[in-house]
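The file work_29.csv contains CSV, C-alpha atoms:
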chain,number,residue,atom,x,y,z
C,85,MET,CA,27.2,63.9,-42.0
C,86,SER,CA,27.2,61.3,-39.2
C,87,ASP,CA,25.9,57.8,-39.9
C,88,LYS,CA,25.0,57.2,-36.3
C,89,PRO,CA,21.6,55.5,-36.0
C,90,GLU,CA,18.8,57.1,-34.1
C,91,LYS,CA,18.4,54.1,-31.9
C,92,PHE,CA,20.3,50.8,-31.4
C,93,PHE,CA,17.3,48.7,-30.2
C,94,ASP,CA,13.9,48.2,-31.7
C,95,GLU,CA,10.6,48.0,-29.7
C,96,ASN,CA,11.2,44.3,-29.0
C,97,GLY,CA,14.7,44.9,-27.6
C,98,MET,CA,16.5,43.5,-30.6
C,99,ARG,CA,19.6,45.0,-32.1
C,100,LEU,CA,19.8,46.6,-35.5
C,101,ASP,CA,21.1,43.4,-37.1
C,102,GLY,CA,18.3,41.3,-35.5
C,103,ARG,CA,20.4,39.8,-32.8
C,104,ARG,CA,19.8,39.6,-29.1
C,105,VAL,CA,22.1,41.4,-26.6
C,106,ASP,CA,23.9,38.1,-25.8
C,107,GLU,CA,24.1,36.7,-29.3
C,108,ILE,CA,27.2,36.6,-31.4
C,109,ARG,CA,27.4,37.1,-35.2
C,110,PRO,CA,27.4,34.1,-37.5
C,111,MET,CA,30.9,32.6,-38.0
C,112,THR,CA,32.2,30.3,-40.7
C,113,VAL,CA,35.7,28.7,-40.7
C,114,GLU,CA,37.8,27.0,-43.4
C,115,MET,CA,41.2,25.5,-42.6
C,116,GLY,CA,44.2,24.7,-44.8
C,117,VAL,CA,43.5,27.4,-47.4
C,118,LEU,CA,47.2,28.2,-48.0
C,119,THR,CA,49.4,25.4,-49.3
C,120,ARG,CA,52.7,27.2,-48.7
C,121,ALA,CA,52.0,27.9,-45.0
C,122,ASP,CA,52.5,25.3,-42.3
C,123,GLY,CA,49.0,26.1,-41.1
C,124,SER,CA,46.3,28.4,-42.2
C,125,CYS,CA,42.7,29.4,-41.6
C,126,TYR,CA,40.1,31.7,-43.2
C,127,LEU,CA,37.4,33.0,-41.0
C,128,GLU,CA,34.3,35.1,-41.6
C,129,TRP,CA,32.6,36.6,-38.6
C,130,GLY,CA,29.7,38.8,-39.5
C,131,ASN,CA,31.2,41.1,-42.2
C,132,ASN,CA,34.8,40.5,-40.9
C,133,LYS,CA,37.0,38.5,-43.2
C,134,VAL,CA,40.4,37.4,-41.7
C,135,LEU,CA,43.1,35.2,-43.1
C,136,ALA,CA,45.6,33.7,-40.6
C,137,ALA,CA,48.8,31.8,-41.5
C,138,VAL,CA,51.5,30.1,-39.4
C,139,TYR,CA,55.1,29.4,-40.5
C,140,GLY,CA,57.4,27.4,-38.3
C,141,PRO,CA,58.8,26.4,-36.0
C,142,ARG,CA,61.9,27.5,-37.9
C,143,GLU,CA,65.3,29.0,-37.1
C,144,LEU,CA,65.2,32.5,-35.7
C,145,HIS,CA,67.2,35.3,-37.2
C,146,PRO,CA,69.0,37.3,-36.0
C,147,ARG,CA,70.4,34.8,-33.5
C,148,ARG,CA,70.5,37.4,-30.7
C,149,LEU,CA,66.7,37.1,-30.5
C,150,GLN,CA,66.8,33.4,-29.9
C,151,ARG,CA,65.7,31.9,-26.6
C,152,PRO,CA,67.8,28.9,-25.5
C,153,GLY,CA,65.0,27.2,-23.5
C,154,GLU,CA,61.9,27.9,-25.7
C,155,ALA,CA,60.6,29.2,-29.0
C,156,LEU,CA,59.6,32.7,-29.7
C,157,VAL,CA,55.9,33.3,-30.8
C,158,ARG,CA,55.9,36.2,-33.1
C,159,TYR,CA,52.4,37.6,-33.9
C,160,ARG,CA,51.8,40.1,-36.6
C,161,TYR,CA,48.4,41.8,-37.1
C,162,ASN,CA,47.7,43.9,-40.1
C,163,MET,CA,44.7,45.5,-41.8
C,164,ALA,CA,44.8,45.5,-45.6
C,165,ALA,CA,44.6,49.0,-47.2
C,166,PHE,CA,41.3,48.0,-48.9
C,167,SER,CA,39.7,46.4,-45.7
C,168,VAL,CA,37.8,49.6,-44.8
C,169,GLU,CA,35.6,52.0,-46.7
C,170,ASP,CA,38.3,54.8,-46.6
C,171,ARG,CA,41.5,53.4,-47.8
C,172,ILE,CA,44.2,53.3,-45.1
C,173,ARG,CA,47.9,53.7,-45.4
C,174,PRO,CA,49.5,50.3,-45.9
C,175,GLY,CA,52.1,49.1,-43.5
C,176,PRO,CA,52.4,48.9,-39.7
C,177,SER,CA,50.9,51.6,-37.5
C,178,ARG,CA,50.8,52.3,-33.8
C,179,ARG,CA,47.4,50.5,-33.6
C,180,SER,CA,48.5,47.4,-35.4
C,181,THR,CA,51.8,47.3,-33.4
C,182,GLU,CA,49.9,47.4,-30.1
C,183,ILE,CA,47.3,44.8,-31.3
C,184,SER,CA,50.2,42.5,-32.5
C,185,LYS,CA,51.9,42.7,-29.1
C,186,VAL,CA,48.8,41.9,-26.9
C,187,SER,CA,47.5,39.3,-29.3
C,188,GLY,CA,50.8,37.5,-29.3
C,189,GLU,CA,50.8,37.5,-25.5
C,190,ALA,CA,47.3,35.9,-25.5
C,191,PHE,CA,48.9,32.7,-26.8
C,192,GLU,CA,51.8,32.6,-24.3
C,193,PRO,CA,50.0,30.4,-21.7
C,194,VAL,CA,48.8,27.8,-24.2
C,195,VAL,CA,51.6,27.3,-26.8
C,196,MET,CA,54.1,24.7,-25.6
C,197,LYS,CA,57.2,26.6,-26.6
C,198,GLN,CA,59.7,24.4,-24.6
C,199,PHE,CA,59.7,21.8,-27.4
C,200,TYR,CA,61.3,24.2,-29.9
C,201,PRO,CA,64.2,26.0,-28.2
C,202,SER,CA,65.9,28.8,-30.2
C,203,ALA,CA,63.2,28.6,-32.8
C,204,VAL,CA,60.5,31.0,-33.9
C,205,ILE,CA,56.8,30.5,-34.7
C,206,ASP,CA,55.5,33.2,-36.9
C,207,VAL,CA,51.8,34.0,-36.9
C,208,PHE,CA,50.3,36.3,-39.5
C,209,ALA,CA,46.8,37.7,-39.2
C,210,GLU,CA,45.6,39.7,-42.2
C,211,VAL,CA,42.3,41.5,-42.1
C,212,LEU,CA,40.8,41.5,-45.6
C,213,GLN,CA,37.5,43.2,-44.6
C,214,ALA,CA,36.9,44.9,-41.3
C,215,ASP,CA,33.6,45.4,-39.5
C,216,ALA,CA,34.4,45.8,-35.8
C,217,GLY,CA,36.0,43.1,-33.6
C,218,THR,CA,38.9,42.4,-36.0
C,219,ARG,CA,41.4,41.7,-33.2
C,220,THR,CA,39.2,39.1,-31.7
C,221,ALA,CA,38.4,37.6,-35.1
C,222,ALA,CA,42.1,37.4,-35.8
C,223,ILE,CA,42.8,35.6,-32.6
C,224,ASN,CA,40.1,33.0,-33.3
C,225,ALA,CA,41.6,32.4,-36.8
C,226,ALA,CA,45.2,32.3,-35.5
C,227,THR,CA,44.2,29.6,-32.9
C,228,LEU,CA,43.0,27.3,-35.7
C,229,ALA,CA,46.0,28.1,-37.9
C,230,LEU,CA,48.4,27.1,-35.0
C,231,VAL,CA,46.5,23.8,-34.6
C,232,ASP,CA,46.6,23.3,-38.4
C,233,ALA,CA,50.4,23.8,-38.3
C,234,GLY,CA,50.8,21.0,-35.7
C,235,ILE,CA,52.0,23.3,-32.9
C,236,PRO,CA,51.5,21.6,-29.5
C,237,MET,CA,49.1,23.6,-27.4
C,238,LYS,CA,47.5,23.1,-24.0
C,239,GLY,CA,44.2,24.1,-25.3
C,240,LEU,CA,42.3,26.4,-27.7
C,241,VAL,CA,42.0,30.2,-27.3
C,242,ALA,CA,38.8,32.1,-28.1
C,243,ALA,CA,38.2,35.8,-28.2
C,244,CYS,CA,35.1,38.0,-28.1
C,245,ALA,CA,34.2,41.5,-27.2
C,246,VAL,CA,31.4,43.0,-25.0
C,247,GLY,CA,30.4,46.7,-25.2
C,248,LYS,CA,28.0,49.2,-23.8
C,249,VAL,CA,25.4,50.8,-26.0
C,250,ASP,CA,22.7,53.1,-24.8
C,251,GLY,CA,23.5,52.1,-21.3
C,252,GLN,CA,23.0,48.4,-22.0
C,253,LEU,CA,25.7,45.7,-22.4
C,254,VAL,CA,25.8,43.8,-25.7
C,255,LEU,CA,28.0,40.9,-26.9
C,256,ASP,CA,30.1,41.0,-30.1
C,257,LEU,CA,29.6,44.6,-31.2
C,258,ASN,CA,29.0,45.4,-34.9
C,259,LYS,CA,30.4,48.4,-36.6
C,260,PRO,CA,27.8,51.1,-35.6
C,261,GLU,CA,27.8,49.8,-32.0
C,262,ASP,CA,31.6,49.9,-31.9
C,263,ASN,CA,31.9,53.3,-33.4
C,264,TYR,CA,29.2,55.0,-31.4
C,265,GLY,CA,29.0,52.9,-28.3
C,266,ASP,CA,30.0,53.9,-24.8
C,267,ALA,CA,32.6,51.2,-24.2
C,268,ASP,CA,34.4,48.2,-25.8
C,269,LEU,CA,35.9,45.3,-23.8
C,270,PRO,CA,37.7,42.7,-26.0
C,271,ILE,CA,38.6,39.5,-24.0
C,272,ALA,CA,40.5,36.3,-25.0
C,273,MET,CA,40.3,33.2,-22.8
C,274,THR,CA,41.2,29.5,-22.7
C,275,GLU,CA,38.8,26.6,-22.4
C,276,ASP,CA,39.4,26.6,-18.7
C,277,GLY,CA,38.2,30.1,-18.4
C,278,ASP,CA,41.6,31.7,-17.8
C,279,ILE,CA,41.7,35.2,-19.4
C,280,THR,CA,44.8,35.7,-21.6
C,281,LEU,CA,43.8,39.1,-23.0
C,282,LEU,CA,41.7,42.0,-21.6
C,283,GLN,CA,41.5,45.5,-22.9
C,284,MET,CA,39.0,48.3,-22.4
C,285,ASP,CA,38.1,51.4,-24.3
C,286,GLY,CA,35.6,53.6,-22.5
C,287,ASN,CA,34.2,53.5,-19.0
C,288,LEU,CA,32.5,50.6,-17.3
C,289,THR,CA,31.6,50.0,-13.6
C,290,ALA,CA,33.0,47.1,-11.7
C,291,GLU,CA,29.5,45.4,-11.9
C,292,GLU,CA,29.3,45.9,-15.6
C,293,ILE,CA,32.8,44.5,-16.1
C,294,SER,CA,31.9,41.4,-14.1
C,295,LYS,CA,28.7,40.9,-16.0
C,296,GLY,CA,30.5,41.6,-19.3
C,297,ILE,CA,33.1,38.9,-18.5
C,298,GLU,CA,30.3,36.4,-18.0
C,299,MET,CA,28.7,37.3,-21.3
C,300,VAL,CA,32.0,36.9,-23.0
C,301,ARG,CA,32.5,33.5,-21.4
C,302,GLU,CA,29.2,32.3,-22.8
C,303,GLY,CA,30.1,33.7,-26.2
C,304,CYS,CA,33.5,32.0,-26.1
C,305,GLU,CA,31.8,28.7,-25.4
C,306,GLN,CA,29.9,29.1,-28.7
C,307,ILE,CA,33.2,29.9,-30.5
C,308,PHE,CA,34.9,26.9,-29.0
C,309,ALA,CA,32.2,24.7,-30.4
C,310,ILE,CA,32.7,26.2,-33.8
C,311,GLN,CA,36.5,25.7,-33.6
C,312,LYS,CA,36.1,22.1,-32.5
C,313,ALA,CA,33.7,21.4,-35.4
C,314,ALA,CA,36.2,22.9,-37.8
C,315,LEU,CA,39.0,20.8,-36.4
C,316,LEU,CA,36.8,17.6,-36.6
C,317,GLU,CA,36.0,18.4,-40.2
C,318,ARG,CA,39.7,18.9,-41.0
C,319,PHE,CA,41.3,16.1,-39.0
C,320,GLY,CA,38.5,13.9,-37.8
C,321,THR,CA,37.8,10.4,-39.1
C,322,ALA,CA,34.5,9.0,-40.2
C,323,GLU,CA,34.2,7.1,-36.9
C,324,GLU,CA,34.7,10.3,-34.9
C,325,GLU,CA,32.1,12.1,-36.9
C,326,GLU,CA,29.6,9.2,-36.3
C,327,ILE,CA,30.4,9.3,-32.6
C,328,LEU,CA,29.8,13.1,-32.6
C,329,GLU,CA,26.5,12.7,-34.4
C,330,ASP,CA,25.5,9.9,-32.0
C,331,ALA,CA,26.4,12.1,-29.0
C,332,GLU,CA,24.3,15.0,-30.5
C,333,LEU,CA,21.4,12.6,-31.2
C,334,GLN,CA,21.6,11.2,-27.6
C,335,ALA,CA,21.7,14.7,-26.2
C,336,GLU,CA,18.6,15.6,-28.2
C,337,LEU,CA,16.8,12.4,-27.1
C,338,MET,CA,17.7,13.0,-23.5
C,339,SER,CA,16.4,16.6,-23.6
C,340,GLU,CA,13.1,15.3,-25.2
C,341,GLU,CA,12.8,12.6,-22.4
C,342,GLU,CA,13.4,15.2,-19.8
C,343,GLU,CA,10.7,17.5,-21.3
C,344,VAL,CA,8.3,14.5,-21.3
C,345,SER,CA,9.1,13.5,-17.7
C,346,GLU,CA,8.7,17.1,-16.6
C,347,ALA,CA,5.3,17.3,-18.3
C,348,ALA,CA,4.2,14.0,-16.7
C,349,GLU,CA,5.4,15.2,-13.2
C,350,GLU,CA,3.4,18.4,-13.7
C,351,GLU,CA,0.3,16.5,-14.6
C,352,ASP,CA,0.7,14.2,-11.6
C,353,ALA,CA,1.2,17.2,-9.3
C,354,VAL,CA,-2.0,18.8,-10.7
C,355,GLU,CA,-4.0,15.6,-10.3
C,356,GLU,CA,-2.7,15.2,-6.7
C,357,SER,CA,-3.7,18.8,-5.8
C,358,GLU,CA,-7.2,18.2,-7.3
C,359,ASP,CA,-7.6,15.0,-5.3
C,360,LEU,CA,-6.6,16.8,-2.1
C,361,GLU,CA,-9.0,19.6,-2.8
C,362,ALA,CA,-11.8,17.1,-3.4
C,363,ALA,CA,-11.0,15.2,-0.3
C,364,GLU,CA,-11.1,18.3,1.8
C,365,THR,CA,-14.5,19.2,0.5
C,366,GLU,CA,-16.1,15.7,1.0
C,367,ASP,CA,-17.6,14.4,4.2
C,368,PRO,CA,-15.4,11.8,6.0
C,369,GLU,CA,-18.3,9.4,6.5
C,370,ASP,CA,-19.1,9.5,2.8
C,371,VAL,CA,-15.5,8.9,2.0
C,372,GLU,CA,-15.5,5.8,4.3
C,373,VAL,CA,-18.7,4.5,2.7
C,374,GLU,CA,-17.2,5.0,-0.8
C,375,GLU,CA,-14.1,3.2,0.2
C,376,ALA,CA,-16.0,0.2,1.6
C,377,GLU,CA,-18.3,0.1,-1.4
C,378,ALA,CA,-15.2,0.0,-3.7
C,379,MET,CA,-13.8,-2.8,-1.6
C,380,PHE,CA,-16.8,-5.1,-1.3
C,381,GLU,CA,-18.6,-3.8,-4.5
C,382,GLU,CA,-21.8,-3.4,-2.7
C,383,ASP,CA,-23.8,-0.7,-0.9
C,384,VAL,CA,-22.8,-0.9,2.8
C,385,THR,CA,-25.4,1.6,3.9
C,386,GLU,CA,-27.8,-1.4,4.4
C,387,PHE,CA,-25.5,-2.7,7.1
C,388,GLU,CA,-25.4,0.4,9.2
C,389,VAL,CA,-26.5,-0.3,12.8
C,390,ASN,CA,-28.0,2.3,15.1
C,391,GLU,CA,-25.9,2.6,18.3
C,392,GLY,CA,-29.0,3.3,20.4
C,393,GLU,CA,-30.7,0.1,19.2
C,394,CYS,CA,-27.6,-2.0,20.0
C,395,GLU,CA,-27.6,-0.6,23.6
C,396,GLU,CA,-31.3,-1.3,24.1
C,397,ALA,CA,-30.9,-4.9,22.9
C,398,ALA,CA,-27.9,-5.5,25.1
C,399,ALA,CA,-29.8,-4.1,28.1
C,400,GLU,CA,-32.8,-6.5,27.5
C,401,VAL,CA,-30.5,-9.5,27.3
C,402,ASN,CA,-28.9,-8.6,30.6
C,403,GLU,CA,-32.2,-8.2,32.4
C,404,GLU,CA,-33.4,-11.6,31.2
C,405,ASP,CA,-30.2,-13.2,32.4
C,406,ILE,CA,-30.5,-11.5,35.8
C,407,ALA,CA,-34.2,-12.5,36.2
C,408,SER,CA,-33.5,-16.2,35.4
C,409,GLU,CA,-30.5,-16.6,37.7
C,410,PRO,CA,-32.4,-16.5,41.2
C,411,GLU,CA,-34.9,-19.1,40.1
C,412,GLY,CA,-32.1,-21.4,39.2
C,413,GLU,CA,-30.5,-20.9,42.6
C,414,GLU,CA,-33.8,-21.6,44.6
C,415,SER,CA,-34.4,-24.8,42.7
C,416,THR,CA,-31.0,-26.1,43.4
C,417,GLU,CA,-31.2,-25.4,47.1
C,418,GLU,CA,-34.6,-27.3,47.4
C,419,GLU,CA,-33.1,-30.3,45.6
C,420,GLY,CA,-30.3,-30.3,48.1
C,421,GLU,CA,-32.5,-30.3,51.1
C,422,LYS,CA,-34.5,-33.2,49.7
C,423,TYR,CA,-31.4,-35.1,49.1
C,424,GLU,CA,-30.2,-34.6,52.7
C,425,GLN,CA,-33.5,-35.9,54.1

Would you give me this structure, written as C-alpha cells?
Amino acid sequence: MSDKPEKFFDENGMRLDGRRVDEIRPMTVEMGVLTRADGSCYLEWGNNKVLAAVYGPRELHPRRLQRPGEALVRYRYNMAAFSVEDRIRPGPSRRSTEISKVSGEAFEPVVMKQFYPSAVIDVFAEVLQADAGTRTAAINAATLALVDAGIPMKGLVAACAVGKVDGQLVLDLNKPEDNYGDADLPIAMTEDGDITLLQMDGNLTAEEISKGIEMVREGCEQIFAIQKAALLERFGTAEEEEILEDAELQAELMSEEEEVSEAAEEEDAVEESEDLEAAETEDPEDVEVEEAEAMFEEDVTEFEVNEGECEEAAAEVNEEDIASEPEGEESTEEEGEKYEQ
C-alpha cells in the first residue's frame, strides 16, 4: 500500500510539515563531538541526523596516489544500515559511491590543498537517520568538520535542494516530497554564490531551474548564518559574542527606526494631500483673508475698499484742482499788470 499523501499543500498553501514553499527545515549543529578525530560535527536537519569526521592532513598510502603539489581530499558518504525504515545492506553501494565522488568535488574550489603536498584529508560523512536531503546535510556537516580540523579554506560551503511537487517549486524537500515529487535539484555553493555541486533527478524547465537556483541561494544564506553561529560558539571569544549581540541589537534598532520614519513619512504625505484637497476646494479670496488675519491677528474685512468708490473720490479731487487752477492764473496776471503801471 502506497503512503503517498492525497495532497502536499493545505488550503492556505502550507506544506504538510507546516512550512512555506521557500522555508528550510530546522537545523541544529554541534561541533567537536569526536575526541579522536581532528575535526567533527553532528548535524540534525529536520529528521536527518548526520555525523561528519575529518582526519588529516596525514600521509597518503599507497604512495602512488600522492599528489606532489597538493593534498588529496578523500570524501566518503555512507548510510548506516539502520538509518532507514527498511534495513539496507551495509557497505558501499553505487549510490553512495556516486554521492561520495560529487560531494568530494564540491570542496575542491575552497580547500587550500597546496599547503599539504603529498598528503590526504579524509572526510567521513555517516548518515545515522535519513529523511530526504542526506547528501546536502552531509556536505553542511562536513564543512564544519573541516573548519574544526583547522583545514585552511577560502570560505564555507552550504548545500540545499529544491524540488517540484504538484507543479510547484519547494525548498528543502522532506521525505514524502522527495519520494513522490516530480523533480529534485540538490545544489552546493560557496558564500560568493559559486555553485560547486549541481545534480538533478526529474524534469524541470529552464525557467524553473533558474528560479530554483535563486530559492537555493536564499536557503544557503540561512545555512551560512547557522554555520557561522556554530563556529562562533565553538571558537569565538566573549568579546566577539558581545560584538555580535551588539550588531544584532543595532540591526533591530535600525529596522525599528526605519519603520517609525516610514510611518511618519506616510502620515506627512497624507496630511499634505489633505491640505492640497482643502486648498483646491477653498475660495482664493477667503484664503488671502485667512492668511492676513493669521498675520495681523485681526479681521481685515473691515479694511476692504471698494474700487468704484476710490475712483469716484479721485475724480472729484481732480475736478477741484482743475477748477481752482484758472482762478489762480487770472489773479497773477492782474497783479502783474498793476505792477507794470

Could you pull the residues within 7 Å of region 193-200 of chain C, counting only C-alpha atoms, minus those fewer than 6 positions along the same chain, as an MDAnalysis selection string?
chainID C and resid 141 153:155 236:239

Review point. For Val117 (chain C), which residue out of C:Glu95, C:Glu169, C:Asp232, C:Asp215 is the nearest one, using only C-alpha atoms?
Key: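 Among the listed residues, C:Asp232 lies closest to Val117 (chain C).
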
* To do: Can you pull out every residue within 7 Å of Val211 (chain C), counting all atoms listed in the file, but drop anything in the same chain fewer than 4 positions away, and send it as a ChimeraX atom specification?
  => /C:133-135,162-164,167

As a check of understanding: the span from CA of Arg142 (chain C) to CA of Tyr159 (chain C) is 14.4 Å

re CA of Gly286 (chain C) and CA of Ala245 (chain C): distance 13.1 Å

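The shortest atom-to-atom distance to Phe166 (chain C), with all atoms listed in the file taken into account, belongs to C:Gln213 out of C:Asn132, C:Gln283, C:Gln213, C:Asn224.
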
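CA of Ile297 (chain C) to CA of Ala136 (chain C) spans 25.9 Å [interatomic distance, one decimal].
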
Distance query region 298-307 of chain C at most 6 Å, all atoms listed in the file, self and fewer than 3 positions along chain excluded, as a CSV table (one decimal) with C-alpha atoms, keeping the file's coordinate frame:
chain,number,residue,atom,x,y,z
C,242,ALA,CA,38.8,32.1,-28.1
C,295,LYS,CA,28.7,40.9,-16.0
C,310,ILE,CA,32.7,26.2,-33.8

Near-Thr227 (chain C) list (8 Å; all atoms listed in the file; drop same-chain fewer than 3 positions) as a PDB file with C-alpha atoms, keeping the file's coordinate frame:
ATOM      1  CA  ILE C 223      42.800  35.600 -32.600  1.00  0.00           C
ATOM      2  CA  ASN C 224      40.100  33.000 -33.300  1.00  0.00           C
ATOM      3  CA  LEU C 230      48.400  27.100 -35.000  1.00  0.00           C
ATOM      4  CA  VAL C 231      46.500  23.800 -34.600  1.00  0.00           C
ATOM      5  CA  LEU C 240      42.300  26.400 -27.700  1.00  0.00           C
ATOM      6  CA  VAL C 241      42.000  30.200 -27.300  1.00  0.00           C
ATOM      7  CA  ALA C 242      38.800  32.100 -28.100  1.00  0.00           C
TER       8      ALA C 242
END

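The residue that comes closest to Leu100 (chain C), out of C:Asn131, C:Asn287, C:Ser124, C:Asn258 and on the basis of all atoms listed in the file, is C:Asn258.
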
Find the residues near region 101-108 of chain C: any atom within 6 Å, counting only C-alpha atoms, skip ones fewer than 4 places away on the same chain, and give them as a PDB file with C-alpha atoms, keeping the file's coordinate frame.
ATOM      1  CA  VAL C 254      25.800  43.800 -25.700  1.00  0.00           C
ATOM      2  CA  LEU C 255      28.000  40.900 -26.900  1.00  0.00           C
ATOM      3  CA  ASP C 256      30.100  41.000 -30.100  1.00  0.00           C
TER       4      ASP C 256
END

Using only C-alpha atoms, the best pick from C:Val204, C:Leu253, C:Ala353, C:Gly175 as closest to Glu291 (chain C) would be C:Leu253

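Of the listed residues C:Thr321, C:Asn263, C:Ser180, C:Ser202, the one whose atoms come nearest to Arg151 (chain C) is C:Ser202, with distances taken using all atoms listed in the file.
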